[in-house]
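Peer 1: Okay, here's the structure, questions in a sec.
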Amino acid sequence: MGVDVLLGLQWGDEGKGKIIDKVCKDYQVVCRFQGGPNAGHTLYAADQKIVLHTIPSAILHEGIDNLIGNGVVIDPVTFEKETDKLKGLGYEIAHKLIIARKAHLILPSHQLLDIASEQSKGLNKIGSTLKGIGPTYMDKTGRNGLRVGDLELAGFDKKYQVLKEKHLDLARIYPEVEYDLEKAEEKWFASLENLRAFRKVDVEYYIDQALREGRNVLAEGAQGSMLDIDFGTYPYVTSSNTISAGVCTGVGVPPGKIGKVIGITKAYCTRVGGGPFPTELFDETGDQLRKAGHEFGSTTGRPRRCGWIDLVQLNYSIMINGVNELIMTKIDVLNDFDTIRACDSYLDGQGEKTKTIPFDLDHSGYQPQYLSFPGWGTSLHEAQTFDQLPGAARHYIESLENLLRRKFSLISVGVGRDEVIER
C-alpha cells in the first residue's frame with residue numbers, strides 16, 4: 001500500500017480541485033503536501049462555488065480525513081475564513097480536518113516582507129501573490145520559523161516577538177510600503193483560537209499508521225510542476241517543491257511508499273504572473289481562450305496568460321514526476337475553435353529543433369513549433385463516454401496520448417462535478 005499523488009503538470013490552475021473532488025471517493029486520507037494560501041482550488045457543490053486555499057479538496061466528503069501536511073505554510077487568518085465558509089454552508093469539518101504540528105505559520109510580518117520585496121523589484125516582479133509564502137519558507141530553511149506545534153508550548157508570544165523584530169529589521173532595506181501591521185496582528189492573534197481547535201498530529205507517524213492499516217492515501221499538489229523551486233522556470237517559481245518528490249518531505253513518506261502518480265493538464269495552457277511561457281498568445285485567439293475558459297486567478301483575480309498546449313513542457317513534467325497516467329481538463333474551452341494547435345518542439349536561435357526544456361528558457365528566444373488539429377465546433381458537456389465525443393475531439397486527445405506516451409484516464413468536458421468522462 002502506497003501514497004498516490006495527484007498534481008498539476010503545467011504552471012498551475014489545471015483544475016486539480018475538481019479532479020480531487022471527483023477521485024477522492026477511492027481514498028480514506030487526502031493530504032496537502034506543500035504550498036499555502038497562494039493556491040486556489042475551486043469546487044462546485046449544488047451550484048455553490050467554493051474556493052479552498054489551504055484545506056484539502058476532499059473536505060466536502062464524509063469518511064475521508066483531510067490532512068494539512070508539514071510542507072504546507074498556514075496563514076491562520078485565511079484558514080479561519082475557509083473554515084467559517086464551509087461551516088456556513090453546512091459542512092461539519094472538525095472531525096475530518098487534521099493539521100501537522102510541523103507545518104509553519106505565516107506571520108503578518110511575513111506578508112509585510114513579501115509586499116515590500118515584490119514592490120522593490122519594479123519591472124522585474126516575479127508575480128508573487130503577496131501572501132507571505134516566500135518569506136515563511138525562508139524562515140523555515142533559516143531555522144527560525146514558527147510552527148503549528150509551537151501553539152501548544154509555553155513561550156509562544158516571546159518567539160513571535162523575536163521573529164517579528166527580525167522581520168522589521170529586514171523590512172528597512174526596502175522602500176516603505178502601505179501595510180497596517182498592528183491591524184493585521186490583531187486579526188492574526190484572534191484567528192489562532194480557530195486553529196487551536198483542530199486536531200494536530202505528528203504527520204509522519206499518522207501517515208505510517210494509515211498505511212499500516214491499509215488505508216488508501218492521496219497526496220494533493222497545490223501549484224503546478226513548472227513552479228517547482230528546483231525544476232520550474234526559476235526564478236519565476238514558488239518557494240516549495242511542487243513535484244511528486246515533494247510528497248516525501250511534505251508529509252514524511254519514504255520514496256518507496258509513493259504509489260501511482262497522476263498528472264493533470266489543461267487541453268491548452270495558462271500562466272499567472274511573470275516568467276517564460278513559450279506558447280503564450282498575445283492576439284485575439286489568446287483573448288478567446290481567456291474568455292471561454294474564465295481564466296482569472298481564484299486567489300489573485302488576475303487575468304491569466306493563455307496559450308496552446310506545450311508538449312515539450314508536458315513531457316518534461318511527466319519525466320520529473322514519474323507520471324503513470326494523465327487527466328485532461330477544460331477541453332470544452334476549445335469547442336468553438338476552428339483550428340487547435342499543440343507545440344511539439346522549440347526552434348533555437350541557430351535554427352535547430354529541440355524537445356527539451358533549455359536552462360535559459362527565459363532569455364533564449366526559443367520559438368514554439370506547432371502541430372495543427374481540426375476543431376469540432378460543438379458542445380461536449382453531454383458526452384458521457386469517450387466514444388460520444390466528436391471525432392475531431394477524439395483525434396486531438398489520441399494524438400496527444402501518442403506524443404506524451406501516456407493515456408488520459410479522465411477527461412473533464414464541463415465545469416460540473418459530474419461532467420467528467422472516465423475511461
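Quick note on naming: the chains in the C-alpha cells go A, B, ... in the order shown, residues restart at 1 in each chain, and ligands are numbered from 1 in order of appearance.
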Name all residues at most 10 Å from segment 382-387 of chain A (count only C-alpha atoms; drop same-chain ones fewer than 5 positions away) and give them as an MDAnalysis selection string.
Peer 2: chainID A and resid 393:394 397 410:411 413:414 418:423
Peer 1: Generate a file of the selected residues that holds C-alpha atoms, formatted as a PDB file, in the first residue's frame.
Peer 2:
```pdb
ATOM      1  CA  ALA A 393     -12.035  15.797 -30.254  1.00  0.00           C
ATOM      2  CA  ARG A 394     -11.124  12.095 -30.044  1.00  0.00           C
ATOM      3  CA  ILE A 397      -6.876  13.522 -27.432  1.00  0.00           C
ATOM      4  CA  LEU A 410     -10.284  11.112 -17.063  1.00  0.00           C
ATOM      5  CA  ILE A 411     -11.393  13.896 -19.388  1.00  0.00           C
ATOM      6  CA  VAL A 413     -15.846  18.205 -20.506  1.00  0.00           C
ATOM      7  CA  GLY A 414     -17.510  20.916 -18.370  1.00  0.00           C
ATOM      8  CA  ASP A 418     -20.177  15.082 -12.947  1.00  0.00           C
ATOM      9  CA  GLU A 419     -19.071  16.420 -16.339  1.00  0.00           C
ATOM     10  CA  VAL A 420     -16.136  14.032 -16.461  1.00  0.00           C
ATOM     11  CA  ILE A 421     -15.575  11.110 -18.815  1.00  0.00           C
ATOM     12  CA  GLU A 422     -13.957   8.069 -17.215  1.00  0.00           C
ATOM     13  CA  ARG A 423     -12.024   5.734 -19.492  1.00  0.00           C
TER      14      ARG A 423
END
```
Peer 1: One decimal, in Å: what's the spacing between atom CA of Arg341 of chain A and atom CA of Asp287 of chain A?
Peer 2: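 Rounded to one decimal, the two atoms are 15.4 Å apart.
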Peer 1: Give me, as a ChimeraX atom specification, the residues of segment 93-156 of chain A that a backbone DSSP run labels alpha helix (DSSP H).
Peer 2: /A:108-120,133-141,156
Peer 1: Go ahead and dump the residues you just picked, N, CA and C atoms, as a CSV table (one decimal), in the first residue's frame.
Peer 2:
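Result written to part.csv:
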```csv
chain,number,residue,atom,x,y,z
A,108,PRO,N,1.9,38.0,10.1
A,108,PRO,CA,1.7,39.3,9.4
A,108,PRO,C,2.9,39.9,8.9
A,109,SER,N,4.0,39.8,9.6
A,109,SER,CA,5.3,40.5,9.2
A,109,SER,C,5.9,39.7,8.0
A,110,HIS,N,5.5,38.5,7.8
A,110,HIS,CA,5.9,37.8,6.6
A,110,HIS,C,5.3,38.4,5.3
A,111,GLN,N,4.0,38.8,5.5
A,111,GLN,CA,3.3,39.4,4.4
A,111,GLN,C,3.9,40.8,4.1
A,112,LEU,N,4.2,41.5,5.2
A,112,LEU,CA,4.9,42.8,5.0
A,112,LEU,C,6.1,42.7,4.2
A,113,LEU,N,7.0,41.7,4.5
A,113,LEU,CA,8.2,41.5,3.8
A,113,LEU,C,7.9,41.1,2.3
A,114,ASP,N,6.9,40.3,2.1
A,114,ASP,CA,6.6,39.9,0.8
A,114,ASP,C,6.2,41.1,-0.1
A,115,ILE,N,5.3,41.9,0.4
A,115,ILE,CA,4.9,43.1,-0.3
A,115,ILE,C,6.0,44.0,-0.6
A,116,ALA,N,6.9,44.3,0.4
A,116,ALA,CA,8.0,45.2,0.3
A,116,ALA,C,9.0,44.7,-0.8
A,117,SER,N,9.3,43.4,-0.7
A,117,SER,CA,10.3,42.8,-1.6
A,117,SER,C,9.8,42.8,-3.0
A,118,GLU,N,8.5,42.5,-3.2
A,118,GLU,CA,8.0,42.4,-4.6
A,118,GLU,C,7.9,43.8,-5.2
A,119,GLN,N,7.4,44.8,-4.4
A,119,GLN,CA,7.3,46.2,-5.0
A,119,GLN,C,8.7,46.8,-5.3
A,120,SER,N,9.7,46.3,-4.6
A,120,SER,CA,11.0,46.9,-4.8
A,120,SER,C,11.6,46.4,-6.1
A,133,ILE,N,4.2,33.8,1.5
A,133,ILE,CA,4.7,32.5,1.3
A,133,ILE,C,6.2,32.4,1.3
A,134,GLY,N,6.8,33.2,0.4
A,134,GLY,CA,8.3,33.1,0.3
A,134,GLY,C,9.0,33.4,1.5
A,135,PRO,N,8.7,34.5,2.2
A,135,PRO,CA,9.4,34.8,3.5
A,135,PRO,C,9.2,33.7,4.6
A,136,THR,N,8.1,33.1,4.5
A,136,THR,CA,7.8,32.0,5.5
A,136,THR,C,8.7,30.8,5.2
A,137,TYR,N,8.9,30.4,4.0
A,137,TYR,CA,9.8,29.3,3.6
A,137,TYR,C,11.2,29.7,3.9
A,138,MET,N,11.5,31.0,3.7
A,138,MET,CA,12.9,31.4,4.0
A,138,MET,C,13.2,31.3,5.5
A,139,ASP,N,12.2,31.6,6.4
A,139,ASP,CA,12.4,31.4,7.8
A,139,ASP,C,12.5,29.9,8.1
A,140,LYS,N,11.8,29.1,7.4
A,140,LYS,CA,11.8,27.6,7.6
A,140,LYS,C,13.2,27.1,7.3
A,141,THR,N,13.8,27.4,6.2
A,141,THR,CA,15.1,27.0,5.9
A,141,THR,C,16.2,27.7,6.7
A,156,PHE,N,5.2,31.0,23.4
A,156,PHE,CA,4.9,31.3,22.0
A,156,PHE,C,4.9,32.8,21.7
```
Peer 1: Could you tell me how far atom CA of Asn144 of chain A lies from atom CA of Ser244 of chain A, in Å and to one decimal?
Peer 2: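 Pair atom CA of Asn144 of chain A / atom CA of Ser244 of chain A returns 26.5 Å.
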Peer 1: Skip segment 67-75 of chain A itself and residues of its chain fewer than 3 positions away, then list as a list in words all residues within 7 Å of it, counting only C-alpha atoms.
Peer 2: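 Within the cut-off, the hits are Val30, Cys31, Arg32, Phe33, Gln34, Gly35, Gly36, Ile55, Pro56, Thr78, Phe79, Leu97, Ile98, Ile99, Ala100, Arg101, Lys102, Ala103, His104, Leu105, Ile106, Val203, Thr249, Gly250 and Val251 of chain A.
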Peer 1: Residues of the last selection are to be written out with C-alpha atoms, as a PDB file, in the first residue's frame.
Peer 2:
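Saved to again.pdb:
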```
ATOM      1  CA  VAL A  30      -6.298  13.120   1.300  1.00  0.00           C
ATOM      2  CA  CYS A  31      -3.369  15.373   2.202  1.00  0.00           C
ATOM      3  CA  ARG A  32      -1.843  18.635   1.042  1.00  0.00           C
ATOM      4  CA  PHE A  33       1.948  18.379   0.981  1.00  0.00           C
ATOM      5  CA  GLN A  34       3.212  21.862   0.005  1.00  0.00           C
ATOM      6  CA  GLY A  35       2.295  25.460  -0.719  1.00  0.00           C
ATOM      7  CA  GLY A  36      -0.048  27.718   1.182  1.00  0.00           C
ATOM      8  CA  ILE A  55      -7.753  22.886   3.175  1.00  0.00           C
ATOM      9  CA  PRO A  56      -7.529  19.713   1.032  1.00  0.00           C
ATOM     10  CA  THR A  78      -7.031  32.723   5.682  1.00  0.00           C
ATOM     11  CA  PHE A  79      -7.553  29.335   7.325  1.00  0.00           C
ATOM     12  CA  LEU A  97      -9.662  18.117   9.201  1.00  0.00           C
ATOM     13  CA  ILE A  98      -6.223  17.398  10.675  1.00  0.00           C
ATOM     14  CA  ILE A  99      -3.118  19.612  10.808  1.00  0.00           C
ATOM     15  CA  ALA A 100       0.548  18.655  11.012  1.00  0.00           C
ATOM     16  CA  ARG A 101       2.311  20.108  14.038  1.00  0.00           C
ATOM     17  CA  LYS A 102       5.392  20.712  11.899  1.00  0.00           C
ATOM     18  CA  ALA A 103       3.564  22.953   9.402  1.00  0.00           C
ATOM     19  CA  HIS A 104       4.954  26.501   9.519  1.00  0.00           C
ATOM     20  CA  LEU A 105       2.903  29.593  10.311  1.00  0.00           C
ATOM     21  CA  ILE A 106       2.704  32.697   8.108  1.00  0.00           C
ATOM     22  CA  VAL A 203       2.191  13.705  10.345  1.00  0.00           C
ATOM     23  CA  THR A 249       9.326  15.734   2.626  1.00  0.00           C
ATOM     24  CA  GLY A 250       5.849  17.311   2.715  1.00  0.00           C
ATOM     25  CA  VAL A 251       4.119  14.522   4.657  1.00  0.00           C
TER      26      VAL A 251
END
```
Peer 1: Quick check for you: according to DSSP on this backbone, which residues of segment 174-393 of chain A are classed as strand (DSSP E)? Reply as number ranges by chain.
Peer 2: A: 199-201, 217-220, 258-266, 269-271, 305-307, 309-310, 325-329, 339-347, 353-354, 367-374
Peer 1: Mind writing the picked residues with C-alpha atoms as a PDB file, in the first residue's frame?
Peer 2:
```
ATOM      1  CA  ARG A 199      -6.699  18.110  15.797  1.00  0.00           C
ATOM      2  CA  LYS A 200      -2.888  18.211  15.499  1.00  0.00           C
ATOM      3  CA  VAL A 201      -0.714  15.222  14.582  1.00  0.00           C
ATOM      4  CA  VAL A 217      -3.854   7.833   0.885  1.00  0.00           C
ATOM      5  CA  LEU A 218      -3.830  10.519  -1.807  1.00  0.00           C
ATOM      6  CA  ALA A 219      -1.377  13.433  -1.807  1.00  0.00           C
ATOM      7  CA  GLU A 220      -2.743  16.601  -3.416  1.00  0.00           C
ATOM      8  CA  ILE A 258       4.970   6.511  -3.390  1.00  0.00           C
ATOM      9  CA  GLY A 259       2.403   4.672  -5.484  1.00  0.00           C
ATOM     10  CA  LYS A 260       0.641   5.901  -8.587  1.00  0.00           C
ATOM     11  CA  VAL A 261       1.426   9.416  -9.883  1.00  0.00           C
ATOM     12  CA  ILE A 262      -1.428  11.085 -11.754  1.00  0.00           C
ATOM     13  CA  GLY A 263      -0.765  14.280 -13.699  1.00  0.00           C
ATOM     14  CA  ILE A 264      -3.368  16.868 -14.705  1.00  0.00           C
ATOM     15  CA  THR A 265      -3.121  19.110 -17.747  1.00  0.00           C
ATOM     16  CA  LYS A 266      -5.488  21.520 -19.393  1.00  0.00           C
ATOM     17  CA  CYS A 269      -2.053  26.191 -21.203  1.00  0.00           C
ATOM     18  CA  THR A 270      -2.149  29.170 -18.847  1.00  0.00           C
ATOM     19  CA  ARG A 271       0.178  31.020 -16.512  1.00  0.00           C
ATOM     20  CA  ARG A 305      -1.858  34.429 -19.677  1.00  0.00           C
ATOM     21  CA  CYS A 306      -3.173  31.917 -22.208  1.00  0.00           C
ATOM     22  CA  GLY A 307      -1.650  29.820 -24.973  1.00  0.00           C
ATOM     23  CA  ILE A 309      -0.703  23.266 -25.042  1.00  0.00           C
ATOM     24  CA  ASP A 310       3.079  22.767 -24.842  1.00  0.00           C
ATOM     25  CA  GLU A 325      -1.462   8.335 -16.071  1.00  0.00           C
ATOM     26  CA  LEU A 326      -2.908  11.615 -17.282  1.00  0.00           C
ATOM     27  CA  ILE A 327      -6.084  13.611 -16.747  1.00  0.00           C
ATOM     28  CA  MET A 328      -7.251  16.324 -19.148  1.00  0.00           C
ATOM     29  CA  THR A 329      -9.378  19.276 -18.055  1.00  0.00           C
ATOM     30  CA  THR A 339      -8.111  25.040 -35.564  1.00  0.00           C
ATOM     31  CA  ILE A 340      -6.362  23.826 -32.418  1.00  0.00           C
ATOM     32  CA  ARG A 341      -2.602  23.783 -32.083  1.00  0.00           C
ATOM     33  CA  ALA A 342      -0.060  21.934 -29.954  1.00  0.00           C
ATOM     34  CA  CYS A 343       3.629  22.757 -29.617  1.00  0.00           C
ATOM     35  CA  ASP A 344       5.793  19.664 -30.147  1.00  0.00           C
ATOM     36  CA  SER A 345       9.275  21.278 -30.276  1.00  0.00           C
ATOM     37  CA  TYR A 346      11.202  24.557 -29.934  1.00  0.00           C
ATOM     38  CA  LEU A 347      13.389  26.226 -32.573  1.00  0.00           C
ATOM     39  CA  LYS A 353      14.911  21.971 -33.135  1.00  0.00           C
ATOM     40  CA  THR A 354      14.830  20.707 -29.563  1.00  0.00           C
ATOM     41  CA  GLN A 367      10.225  29.657 -30.821  1.00  0.00           C
ATOM     42  CA  PRO A 368       7.467  27.047 -30.465  1.00  0.00           C
ATOM     43  CA  GLN A 369       6.820  24.754 -33.432  1.00  0.00           C
ATOM     44  CA  TYR A 370       3.227  23.640 -33.810  1.00  0.00           C
ATOM     45  CA  LEU A 371       1.085  20.750 -34.961  1.00  0.00           C
ATOM     46  CA  SER A 372      -2.442  21.685 -36.094  1.00  0.00           C
ATOM     47  CA  PHE A 373      -5.695  19.832 -35.443  1.00  0.00           C
ATOM     48  CA  PRO A 374      -9.235  20.475 -36.746  1.00  0.00           C
TER      49      PRO A 374
END
```
Peer 1: Please indicate the distance in Å from atom CA of Asp26 of chain A to atom CA of Arg215 of chain A, rounded to one decimal place.
Peer 2: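 So the two atoms, atom CA of Asp26 of chain A and atom CA of Arg215 of chain A, lie 9.9 Å apart.
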Peer 1: Using only C-alpha atoms, can you tell me which of A:Pro76, A:Gly293, A:Gly274, A:Gly252 comes closest to Asp202 of chain A?
Peer 2: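 The answer is A:Gly252, which sits nearest to Asp202 of chain A.
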Peer 1: Closest to Asn402 of chain A among A:Glu185, A:Leu311, A:Thr279, A:Gln350, using only C-alpha atoms?
Peer 2: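 Ranked by minimum distance to Asn402 of chain A, first place goes to A:Leu311.
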Peer 1: Considering only C-alpha atoms, return as a list in words whatever protein or nucleic-acid residues lie within 9 Å of Gly375 of chain A, sequence-local ones (same chain, fewer than 3 positions apart) excluded.
Peer 2: Leu334, Asn335, Asp336, Phe337, Asp338, Thr339, Ile340, Thr378, Ala392, Ala393 and Tyr396 of chain A
Peer 1: I'd like the neighbourhood of Phe296 of chain A as a PDB file with C-alpha atoms, in the first residue's frame, where a residue qualifies if any of its atoms comes within 12 Å (using only C-alpha atoms), though same-chain residues fewer than 5 positions away should be ignored.
Peer 2:
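Wrote it out as result-v6.pdb, contents follow:
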```pdb
ATOM      1  CA  ASP A  13      -4.684  26.239 -12.475  1.00  0.00           C
ATOM      2  CA  GLY A  40      -6.705  28.286  -5.070  1.00  0.00           C
ATOM      3  CA  THR A  42     -12.181  25.623  -6.937  1.00  0.00           C
ATOM      4  CA  THR A 270      -2.149  29.170 -18.847  1.00  0.00           C
ATOM      5  CA  ARG A 271       0.178  31.020 -16.512  1.00  0.00           C
ATOM      6  CA  VAL A 272      -0.224  33.755 -13.875  1.00  0.00           C
ATOM      7  CA  GLY A 273       2.488  36.295 -13.159  1.00  0.00           C
ATOM      8  CA  ASP A 287      -8.301  36.561 -25.609  1.00  0.00           C
ATOM      9  CA  LEU A 289      -9.158  31.268 -24.668  1.00  0.00           C
ATOM     10  CA  ARG A 290      -9.203  33.560 -21.635  1.00  0.00           C
ATOM     11  CA  LYS A 291     -12.887  34.421 -22.028  1.00  0.00           C
ATOM     12  CA  GLY A 301      -8.278  37.536  -9.551  1.00  0.00           C
ATOM     13  CA  ARG A 302      -5.592  38.438 -12.088  1.00  0.00           C
ATOM     14  CA  PRO A 303      -6.211  37.569 -15.754  1.00  0.00           C
ATOM     15  CA  ARG A 304      -4.196  34.509 -16.714  1.00  0.00           C
ATOM     16  CA  ARG A 305      -1.858  34.429 -19.677  1.00  0.00           C
ATOM     17  CA  CYS A 306      -3.173  31.917 -22.208  1.00  0.00           C
TER      18      CYS A 306
END
```
Peer 1: Restricting the calculation to only C-alpha atoms, which member of A:Ile331, A:Ser409, A:Val323, A:Tyr234 is positioned closest to Leu7 of chain A?
Peer 2: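 The shortest atom-to-atom distance to Leu7 of chain A comes from A:Val323.
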Peer 1: Show me, as an MDAnalysis selection string, the residues that have an atom within 8 Å of Lys16 of chain A when counting only C-alpha atoms, minus same-chain residues fewer than 6 positions from it.
Peer 2: chainID A and resid 6:8 41 221:222 264
